[in-house]
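J.: The structure file my_file.cif (mmCIF, C-alpha atoms) is provided below.
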data_input
loop_
_atom_site.group_PDB
_atom_site.id
_atom_site.type_symbol
_atom_site.label_atom_id
_atom_site.label_comp_id
_atom_site.auth_asym_id
_atom_site.auth_seq_id
_atom_site.Cartn_x
_atom_site.Cartn_y
_atom_site.Cartn_z
ATOM 1 C CA MET A 18 0.000 0.000 0.000
ATOM 2 C CA THR A 19 1.315 3.415 -0.898
ATOM 3 C CA VAL A 20 1.033 5.879 1.953
ATOM 4 C CA SER A 21 0.930 9.570 1.141
ATOM 5 C CA THR A 22 3.950 11.715 1.904
ATOM 6 C CA GLY A 23 1.689 14.152 3.748
ATOM 7 C CA PRO A 24 1.114 14.040 7.474
ATOM 8 C CA LYS A 25 -1.993 11.840 7.270
ATOM 9 C CA VAL A 26 -3.270 8.992 5.155
ATOM 10 C CA ARG A 27 -6.281 10.120 3.106
ATOM 11 C CA ILE A 28 -9.140 7.608 2.938
ATOM 12 C CA ALA A 29 -12.252 7.853 0.775
ATOM 13 C CA LEU A 30 -15.425 6.399 2.300
ATOM 14 C CA ILE A 31 -18.348 5.540 0.041
ATOM 15 C CA ALA A 32 -21.384 3.312 0.571
ATOM 16 C CA HIS A 33 -24.480 2.547 -1.408
ATOM 17 C CA ASP A 34 -27.780 3.136 0.387
ATOM 18 C CA LYS A 35 -28.200 -0.451 1.587
ATOM 19 C CA LYS A 36 -24.596 -0.410 2.872
ATOM 20 C CA LYS A 37 -24.723 2.834 4.895
ATOM 21 C CA ASP A 38 -25.289 1.054 8.217
ATOM 22 C CA GLU A 39 -22.476 -1.350 7.387
ATOM 23 C CA ILE A 40 -19.959 1.426 6.703
ATOM 24 C CA LEU A 41 -21.013 3.123 9.939
ATOM 25 C CA ALA A 42 -20.361 -0.101 11.842
ATOM 26 C CA LEU A 43 -16.984 -0.415 10.121
ATOM 27 C CA ALA A 44 -16.071 3.185 10.943
ATOM 28 C CA ARG A 45 -17.216 2.694 14.533
ATOM 29 C CA ASP A 46 -14.956 -0.358 14.881
ATOM 30 C CA TYR A 47 -11.978 1.593 13.488
ATOM 31 C CA VAL A 48 -12.798 5.068 14.796
ATOM 32 C CA ASP A 49 -9.428 5.433 16.545
ATOM 33 C CA VAL A 50 -7.413 4.842 13.374
ATOM 34 C CA LEU A 51 -9.825 6.898 11.259
ATOM 35 C CA ARG A 52 -9.332 9.878 13.613
ATOM 36 C CA ARG A 53 -5.655 9.802 12.602
ATOM 37 C CA CYS A 54 -6.515 10.005 8.897
ATOM 38 C CA GLN A 55 -7.949 12.589 6.540
ATOM 39 C CA LEU A 56 -11.373 11.418 5.448
ATOM 40 C CA VAL A 57 -13.268 12.265 2.292
ATOM 41 C CA ALA A 58 -16.667 10.798 1.516
ATOM 42 C CA THR A 59 -19.669 11.093 -0.710
ATOM 43 C CA GLY A 60 -22.357 13.366 0.708
ATOM 44 C CA THR A 61 -24.790 11.202 2.631
ATOM 45 C CA THR A 62 -22.187 8.698 3.771
ATOM 46 C CA GLY A 63 -19.891 11.463 5.002
ATOM 47 C CA GLY A 64 -22.731 13.265 6.722
ATOM 48 C CA ARG A 65 -23.778 10.196 8.653
ATOM 49 C CA ILE A 66 -20.211 9.309 9.654
ATOM 50 C CA ALA A 67 -19.556 12.856 10.846
ATOM 51 C CA ALA A 68 -22.863 13.146 12.727
ATOM 52 C CA GLU A 69 -22.885 9.719 14.322
ATOM 53 C CA LEU A 70 -19.175 9.240 15.064
ATOM 54 C CA GLY A 71 -17.891 12.794 15.362
ATOM 55 C CA LEU A 72 -15.230 12.285 12.700
ATOM 56 C CA ASP A 73 -14.044 15.162 10.538
ATOM 57 C CA VAL A 74 -15.093 14.286 6.990
ATOM 58 C CA GLU A 75 -14.688 16.335 3.826
ATOM 59 C CA ARG A 76 -17.964 15.772 2.014
ATOM 60 C CA MET A 77 -18.385 15.626 -1.741
ATOM 61 C CA LEU A 78 -21.675 15.467 -3.610
ATOM 62 C CA SER A 79 -23.764 12.335 -3.205
ATOM 63 C CA GLY A 80 -22.695 9.499 -5.494
ATOM 64 C CA PRO A 81 -25.557 9.810 -7.996
ATOM 65 C CA HIS A 82 -24.862 13.554 -8.280
ATOM 66 C CA GLY A 83 -21.155 13.195 -9.064
ATOM 67 C CA GLY A 84 -19.528 12.473 -5.703
ATOM 68 C CA ASP A 85 -17.896 9.285 -7.003
ATOM 69 C CA LEU A 86 -16.386 11.282 -9.855
ATOM 70 C CA GLN A 87 -15.163 14.004 -7.486
ATOM 71 C CA ILE A 88 -13.364 11.401 -5.398
ATOM 72 C CA GLY A 89 -12.016 9.779 -8.570
ATOM 73 C CA ALA A 90 -10.558 13.122 -9.647
ATOM 74 C CA GLN A 91 -8.803 13.524 -6.290
ATOM 75 C CA LEU A 92 -7.518 9.982 -6.585
ATOM 76 C CA ALA A 93 -6.102 10.679 -10.056
ATOM 77 C CA GLU A 94 -4.317 13.733 -8.607
ATOM 78 C CA GLY A 95 -2.646 11.542 -5.961
ATOM 79 C CA ARG A 96 -4.785 12.928 -3.138
ATOM 80 C CA VAL A 97 -6.418 9.637 -2.048
ATOM 81 C CA ASP A 98 -4.420 6.770 -0.523
ATOM 82 C CA MET A 99 -7.197 4.230 0.002
ATOM 83 C CA VAL A 100 -10.834 3.753 -1.024
ATOM 84 C CA LEU A 101 -13.385 1.941 1.108
ATOM 85 C CA PHE A 102 -16.411 1.596 -1.161
ATOM 86 C CA LEU A 103 -19.102 -0.684 0.209
ATOM 87 C CA ARG A 104 -21.058 -1.532 -2.908
ATOM 88 C CA ASP A 105 -24.481 -3.112 -3.126
ATOM 89 C CA PRO A 106 -24.078 -5.690 -5.889
ATOM 90 C CA MET A 107 -27.747 -6.692 -5.767
ATOM 91 C CA THR A 108 -29.303 -3.296 -6.542
ATOM 92 C CA PRO A 109 -28.913 -1.593 -9.935
ATOM 93 C CA GLN A 110 -27.290 1.827 -9.587
ATOM 94 C CA PRO A 111 -28.241 4.620 -11.998
ATOM 95 C CA HIS A 112 -24.690 5.988 -11.836
ATOM 96 C CA GLU A 113 -22.975 2.639 -12.514
ATOM 97 C CA PRO A 114 -20.598 4.196 -15.101
ATOM 98 C CA ASP A 115 -19.314 6.589 -12.407
ATOM 99 C CA ILE A 116 -18.819 3.692 -10.000
ATOM 100 C CA ASN A 117 -16.905 1.713 -12.602
ATOM 101 C CA ALA A 118 -14.771 4.765 -13.413
ATOM 102 C CA LEU A 119 -13.802 5.161 -9.749
ATOM 103 C CA VAL A 120 -12.864 1.508 -9.334
ATOM 104 C CA ARG A 121 -10.938 1.645 -12.621
ATOM 105 C CA ALA A 122 -9.086 4.761 -11.407
ATOM 106 C CA CYS A 123 -8.020 2.802 -8.332
ATOM 107 C CA ASP A 124 -6.584 0.114 -10.602
ATOM 108 C CA VAL A 125 -4.887 2.625 -12.920
ATOM 109 C CA HIS A 126 -3.284 4.535 -10.030
ATOM 110 C CA ASN A 127 -2.572 1.472 -7.867
ATOM 111 C CA VAL A 128 -4.726 2.672 -4.974
ATOM 112 C CA PRO A 129 -6.107 -0.004 -2.636
ATOM 113 C CA CYS A 130 -9.876 -0.297 -3.038
ATOM 114 C CA ALA A 131 -12.119 -2.400 -0.820
ATOM 115 C CA THR A 132 -15.600 -3.038 -2.163
ATOM 116 C CA ASN A 133 -16.844 -5.078 0.800
ATOM 117 C CA SER A 134 -16.428 -4.866 4.559
ATOM 118 C CA ALA A 135 -14.161 -7.929 4.845
ATOM 119 C CA THR A 136 -11.593 -6.374 2.508
ATOM 120 C CA ALA A 137 -12.019 -2.957 4.138
ATOM 121 C CA ARG A 138 -11.197 -4.482 7.509
ATOM 122 C CA LEU A 139 -8.042 -6.082 6.077
ATOM 123 C CA LEU A 140 -6.900 -2.729 4.658
ATOM 124 C CA LEU A 141 -7.591 -0.924 7.931
ATOM 125 C CA GLU A 142 -5.747 -3.596 9.929
ATOM 126 C CA GLN A 143 -2.747 -3.179 7.610
ATOM 127 C CA LEU A 144 -2.982 0.587 8.057
ATOM 128 C CA ILE A 145 -2.864 0.150 11.836
ATOM 129 C CA VAL A 146 0.343 -1.879 11.457
ATOM 130 C CA ARG A 147 1.916 0.750 9.181
ATOM 131 C CA LEU A 148 0.936 3.651 11.429
ATOM 132 C CA ALA A 149 2.347 1.825 14.461
ATOM 133 C CA ALA A 150 5.600 1.232 12.558
ATOM 134 C CA GLN A 151 5.822 4.922 11.667
ATOM 135 C CA LEU A 152 5.375 5.878 15.306
ATOM 136 C CA SER A 153 8.166 3.534 16.407
ATOM 137 C CA THR A 154 10.726 5.007 13.991
#
Could you write out this structure as structure tokens?
T.:
Amino acid sequence: MTVSTGPKVRIALIAHDKKKDEILALARDYVDVLRRCQLVATGTTGGRIAAELGLDVERMLSGPHGGDLQIGAQLAEGRVDMVLFLRDPMTPQPHEPDINALVRACDVHNVPCATNSATARLLLEQLIVRLAAQLST
């Protein structure tokens, strides 16, 4: 995993409607590490995380209104280190091309992208290890 040269790792948080509670549970479980990161999220997801967990979240537009694309643009500029995107594979999304573009941008720019909570937890556990190593040096 590439970690930004800035003072904090920048993580994008995105969740489809049926996954909002799941991303909140994930963020709650990792709130201590997320407090040490810069967070960017699509509108509704970021609003809920900020309101319910007290985390500082830079909010973009909602996904269907271009938020996925806004995060993708930041990613392409090297301003996102990790994407946690809890997708709902069972519900058609009207902005599916935007979703695919964001995931493709992660592949093009070699940015870790978790599309389910199991993978997100693995990435966050690895981040904890890396942050601990940075503190010990």
J.: Which residues are near Asp105 in chain A? Cut-off 7 Å, only C-alpha atoms, ignore same chain within fewer than 4 positions. Put them as a PyMOL selection string.
T.: chain A and resi 33+35-36
J.: Find the nearest atom pair between each residue of range 21-81 of chain A and range 118-136 of chain A for residues within 8 Å, count only C-alpha atoms, give distances in Å to one decimal, sort rows by chain and ascending number, and present the table as a Markdown table.
T.:
| residue | atom | partner | partner_atom | distance |
| --- | --- | --- | --- | --- |
| A:Glu39 | CA | A:Ser134 | CA | 7.5 |
| A:Ile40 | CA | A:Ser134 | CA | 7.5 |
| A:Leu43 | CA | A:Ser134 | CA | 7.1 |
J.: Pick out the residues sitting within 10 Å of Leu78 in chain A, and hand them over as a VMD selection string; count only C-alpha atoms, and ignore anything fewer than 4 positions along from it in its own chain.
T.: chain A and resid 58 to 61 63 82 to 88
J.: Which of these, A:Arg138, A:Val57, A:Gly95, A:Pro81, has the shortest distance to Pro114 in chain A once you count only C-alpha atoms?
T.: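 Ranked by minimum distance to Pro114 in chain A, first place goes to A:Pro81.
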J.: Have a look at A:Pro106, A:Gly71, A:Pro111, A:Gly89 and name the one nearest to Leu51 in chain A; count all atoms listed in the file.
T.: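 Among A:Pro106, A:Gly71, A:Pro111, A:Gly89, it is A:Gly71 that comes nearest to Leu51 in chain A.
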J.: Please report the interatomic distance between CA of Val50 in chain A and CA of Ala93 in chain A in Å with one decimal.
T.: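 Atom-to-atom, CA of Val50 in chain A to CA of Ala93 in chain A, that is 24.2 Å.
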J.: Of the residues A:Leu103, A:Val97, A:Val74, A:Val48, which is the one nearest to Ala32 in chain A, using only C-alpha atoms?
T.: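 Under the stated criterion, the closest residue is A:Leu103.
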J.: How many Å separate CA of Arg45 in chain A from CA of Arg96 in chain A?
T.: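 Between CA of Arg45 in chain A and CA of Arg96 in chain A the gap is 23.9 Å.
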J.: I need the residue nearest Gln55 in chain A from this list: A:Ala42, A:Leu101, A:Val26, A:Ala68. Use all atoms listed in the file for the distance.
T.: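 Closest residue, counting all atoms listed in the file: A:Val26.
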J.: Could you state the separation of CA of Ala67 in chain A and CA of Thr108 in chain A in Å, given to one decimal place?
T.: 25.7 Å
J.: Between A:Arg27, A:Arg53, A:Met77, A:Asp34, which one has atoms that come closest to Met107 in chain A, using all atoms listed in the file?
T.: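 Under the stated criterion, the closest residue is A:Asp34.
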J.: Pick out the closest residue to Asp98 in chain A from this set: A:Thr62, A:Ser79, A:Cys54, A:Ile145. Count only C-alpha atoms.
T.: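 Going through A:Thr62, A:Ser79, A:Cys54, A:Ile145 one by one, the smallest distance to Asp98 in chain A is for A:Cys54.
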J.: Translate the PyMOL selection byres ((chain A and resi 147-151) around 10), as applied to the file shown, into an explicit residue set as a list in words.
T.: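 With the shown file as input, the PyMOL selection byres ((chain A and resi 147-151) around 10) matches Met18, Val20, Lys25, Val26, Val50, Arg53, Leu141, Glu142, Gln143, Leu144, Ile145, Val146, Leu152, Ser153 and Thr154 of chain A.
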J.: What box, with edges along x, y and z, holds each listed atom of range 88-107 of chain A when 5 Å is added on every side, and can you state its centre and edge lengths in Å to one decimal, as JSON?
T.:
{"center_x": -15.2, "center_y": 3.5, "center_z": -4.5, "size_x": 35.1, "size_y": 30.4, "size_z": 21.2}
J.: Please return range 111-141 of chain A, rebuilt to N, CA and C atoms, as a PDB file, keeping the file's coordinate frame.
T.:
ATOM      1  N   PRO A 111     -28.107   3.786 -10.798  1.00  0.00           N
ATOM      2  CA  PRO A 111     -28.241   4.620 -11.998  1.00  0.00           C
ATOM      3  C   PRO A 111     -26.923   5.257 -12.438  1.00  0.00           C
ATOM      4  N   HIS A 112     -25.980   5.375 -11.517  1.00  0.00           N
ATOM      5  CA  HIS A 112     -24.690   5.988 -11.836  1.00  0.00           C
ATOM      6  C   HIS A 112     -23.580   4.935 -11.925  1.00  0.00           C
ATOM      7  N   GLU A 113     -23.932   3.741 -12.389  1.00  0.00           N
ATOM      8  CA  GLU A 113     -22.975   2.639 -12.514  1.00  0.00           C
ATOM      9  C   GLU A 113     -21.719   3.020 -13.312  1.00  0.00           C
ATOM     10  N   PRO A 114     -21.837   3.798 -14.398  1.00  0.00           N
ATOM     11  CA  PRO A 114     -20.598   4.196 -15.101  1.00  0.00           C
ATOM     12  C   PRO A 114     -19.638   4.988 -14.205  1.00  0.00           C
ATOM     13  N   ASP A 115     -20.165   5.834 -13.325  1.00  0.00           N
ATOM     14  CA  ASP A 115     -19.314   6.589 -12.407  1.00  0.00           C
ATOM     15  C   ASP A 115     -18.621   5.658 -11.417  1.00  0.00           C
ATOM     16  N   ILE A 116     -19.367   4.669 -10.936  1.00  0.00           N
ATOM     17  CA  ILE A 116     -18.819   3.692 -10.000  1.00  0.00           C
ATOM     18  C   ILE A 116     -17.685   2.922 -10.663  1.00  0.00           C
ATOM     19  N   ASN A 117     -17.937   2.454 -11.876  1.00  0.00           N
ATOM     20  CA  ASN A 117     -16.905   1.713 -12.602  1.00  0.00           C
ATOM     21  C   ASN A 117     -15.684   2.578 -12.875  1.00  0.00           C
ATOM     22  N   ALA A 118     -15.899   3.850 -13.161  1.00  0.00           N
ATOM     23  CA  ALA A 118     -14.771   4.765 -13.413  1.00  0.00           C
ATOM     24  C   ALA A 118     -13.921   4.930 -12.152  1.00  0.00           C
ATOM     25  N   LEU A 119     -14.558   5.012 -10.994  1.00  0.00           N
ATOM     26  CA  LEU A 119     -13.802   5.161  -9.749  1.00  0.00           C
ATOM     27  C   LEU A 119     -12.983   3.906  -9.461  1.00  0.00           C
ATOM     28  N   VAL A 120     -13.590   2.748  -9.585  1.00  0.00           N
ATOM     29  CA  VAL A 120     -12.864   1.508  -9.334  1.00  0.00           C
ATOM     30  C   VAL A 120     -11.727   1.342 -10.350  1.00  0.00           C
ATOM     31  N   ARG A 121     -11.983   1.704 -11.588  1.00  0.00           N
ATOM     32  CA  ARG A 121     -10.938   1.645 -12.621  1.00  0.00           C
ATOM     33  C   ARG A 121      -9.798   2.603 -12.276  1.00  0.00           C
ATOM     34  N   ALA A 122     -10.125   3.799 -11.798  1.00  0.00           N
ATOM     35  CA  ALA A 122      -9.086   4.761 -11.407  1.00  0.00           C
ATOM     36  C   ALA A 122      -8.214   4.194 -10.294  1.00  0.00           C
ATOM     37  N   CYS A 123      -8.814   3.456  -9.378  1.00  0.00           N
ATOM     38  CA  CYS A 123      -8.020   2.802  -8.332  1.00  0.00           C
ATOM     39  C   CYS A 123      -7.024   1.834  -8.946  1.00  0.00           C
ATOM     40  N   ASP A 124      -7.482   1.060  -9.935  1.00  0.00           N
ATOM     41  CA  ASP A 124      -6.584   0.114 -10.602  1.00  0.00           C
ATOM     42  C   ASP A 124      -5.492   0.839 -11.379  1.00  0.00           C
ATOM     43  N   VAL A 125      -5.852   1.879 -12.113  1.00  0.00           N
ATOM     44  CA  VAL A 125      -4.887   2.625 -12.920  1.00  0.00           C
ATOM     45  C   VAL A 125      -3.812   3.256 -12.040  1.00  0.00           C
ATOM     46  N   HIS A 126      -4.210   3.795 -10.892  1.00  0.00           N
ATOM     47  CA  HIS A 126      -3.284   4.535 -10.030  1.00  0.00           C
ATOM     48  C   HIS A 126      -2.759   3.700  -8.865  1.00  0.00           C
ATOM     49  N   ASN A 127      -3.077   2.400  -8.880  1.00  0.00           N
ATOM     50  CA  ASN A 127      -2.572   1.472  -7.867  1.00  0.00           C
ATOM     51  C   ASN A 127      -2.943   1.897  -6.447  1.00  0.00           C
ATOM     52  N   VAL A 128      -4.204   2.268  -6.279  1.00  0.00           N
ATOM     53  CA  VAL A 128      -4.726   2.672  -4.974  1.00  0.00           C
ATOM     54  C   VAL A 128      -5.575   1.523  -4.429  1.00  0.00           C
ATOM     55  N   PRO A 129      -5.304   1.070  -3.205  1.00  0.00           N
ATOM     56  CA  PRO A 129      -6.107  -0.004  -2.636  1.00  0.00           C
ATOM     57  C   PRO A 129      -7.582   0.390  -2.577  1.00  0.00           C
ATOM     58  N   CYS A 130      -8.442  -0.552  -2.988  1.00  0.00           N
ATOM     59  CA  CYS A 130      -9.876  -0.297  -3.038  1.00  0.00           C
ATOM     60  C   CYS A 130     -10.616  -1.511  -2.496  1.00  0.00           C
ATOM     61  N   ALA A 131     -11.300  -1.336  -1.396  1.00  0.00           N
ATOM     62  CA  ALA A 131     -12.119  -2.400  -0.820  1.00  0.00           C
ATOM     63  C   ALA A 131     -13.563  -2.156  -1.230  1.00  0.00           C
ATOM     64  N   THR A 132     -14.205  -3.187  -1.760  1.00  0.00           N
ATOM     65  CA  THR A 132     -15.600  -3.038  -2.163  1.00  0.00           C
ATOM     66  C   THR A 132     -16.539  -3.846  -1.271  1.00  0.00           C
ATOM     67  N   ASN A 133     -16.011  -4.401  -0.196  1.00  0.00           N
ATOM     68  CA  ASN A 133     -16.844  -5.078   0.800  1.00  0.00           C
ATOM     69  C   ASN A 133     -16.186  -4.911   2.162  1.00  0.00           C
ATOM     70  N   SER A 134     -16.944  -5.162   3.218  1.00  0.00           N
ATOM     71  CA  SER A 134     -16.428  -4.866   4.559  1.00  0.00           C
ATOM     72  C   SER A 134     -15.281  -5.795   4.967  1.00  0.00           C
ATOM     73  N   ALA A 135     -15.263  -7.031   4.484  1.00  0.00           N
ATOM     74  CA  ALA A 135     -14.161  -7.929   4.845  1.00  0.00           C
ATOM     75  C   ALA A 135     -12.832  -7.382   4.324  1.00  0.00           C
ATOM     76  N   THR A 136     -12.817  -6.931   3.079  1.00  0.00           N
ATOM     77  CA  THR A 136     -11.593  -6.374   2.508  1.00  0.00           C
ATOM     78  C   THR A 136     -11.254  -5.039   3.162  1.00  0.00           C
ATOM     79  N   ALA A 137     -12.260  -4.235   3.458  1.00  0.00           N
ATOM     80  CA  ALA A 137     -12.019  -2.957   4.138  1.00  0.00           C
ATOM     81  C   ALA A 137     -11.356  -3.186   5.488  1.00  0.00           C
ATOM     82  N   ARG A 138     -11.800  -4.178   6.206  1.00  0.00           N
ATOM     83  CA  ARG A 138     -11.197  -4.482   7.509  1.00  0.00           C
ATOM     84  C   ARG A 138      -9.728  -4.911   7.351  1.00  0.00           C
ATOM     85  N   LEU A 139      -9.438  -5.688   6.327  1.00  0.00           N
ATOM     86  CA  LEU A 139      -8.042  -6.082   6.077  1.00  0.00           C
ATOM     87  C   LEU A 139      -7.172  -4.860   5.792  1.00  0.00           C
ATOM     88  N   LEU A 140      -7.670  -3.939   4.966  1.00  0.00           N
ATOM     89  CA  LEU A 140      -6.900  -2.729   4.658  1.00  0.00           C
ATOM     90  C   LEU A 140      -6.686  -1.880   5.913  1.00  0.00           C
ATOM     91  N   LEU A 141      -7.720  -1.736   6.717  1.00  0.00           N
ATOM     92  CA  LEU A 141      -7.591  -0.924   7.931  1.00  0.00           C
ATOM     93  C   LEU A 141      -6.655  -1.584   8.943  1.00  0.00           C
TER      94      LEU A 141
END
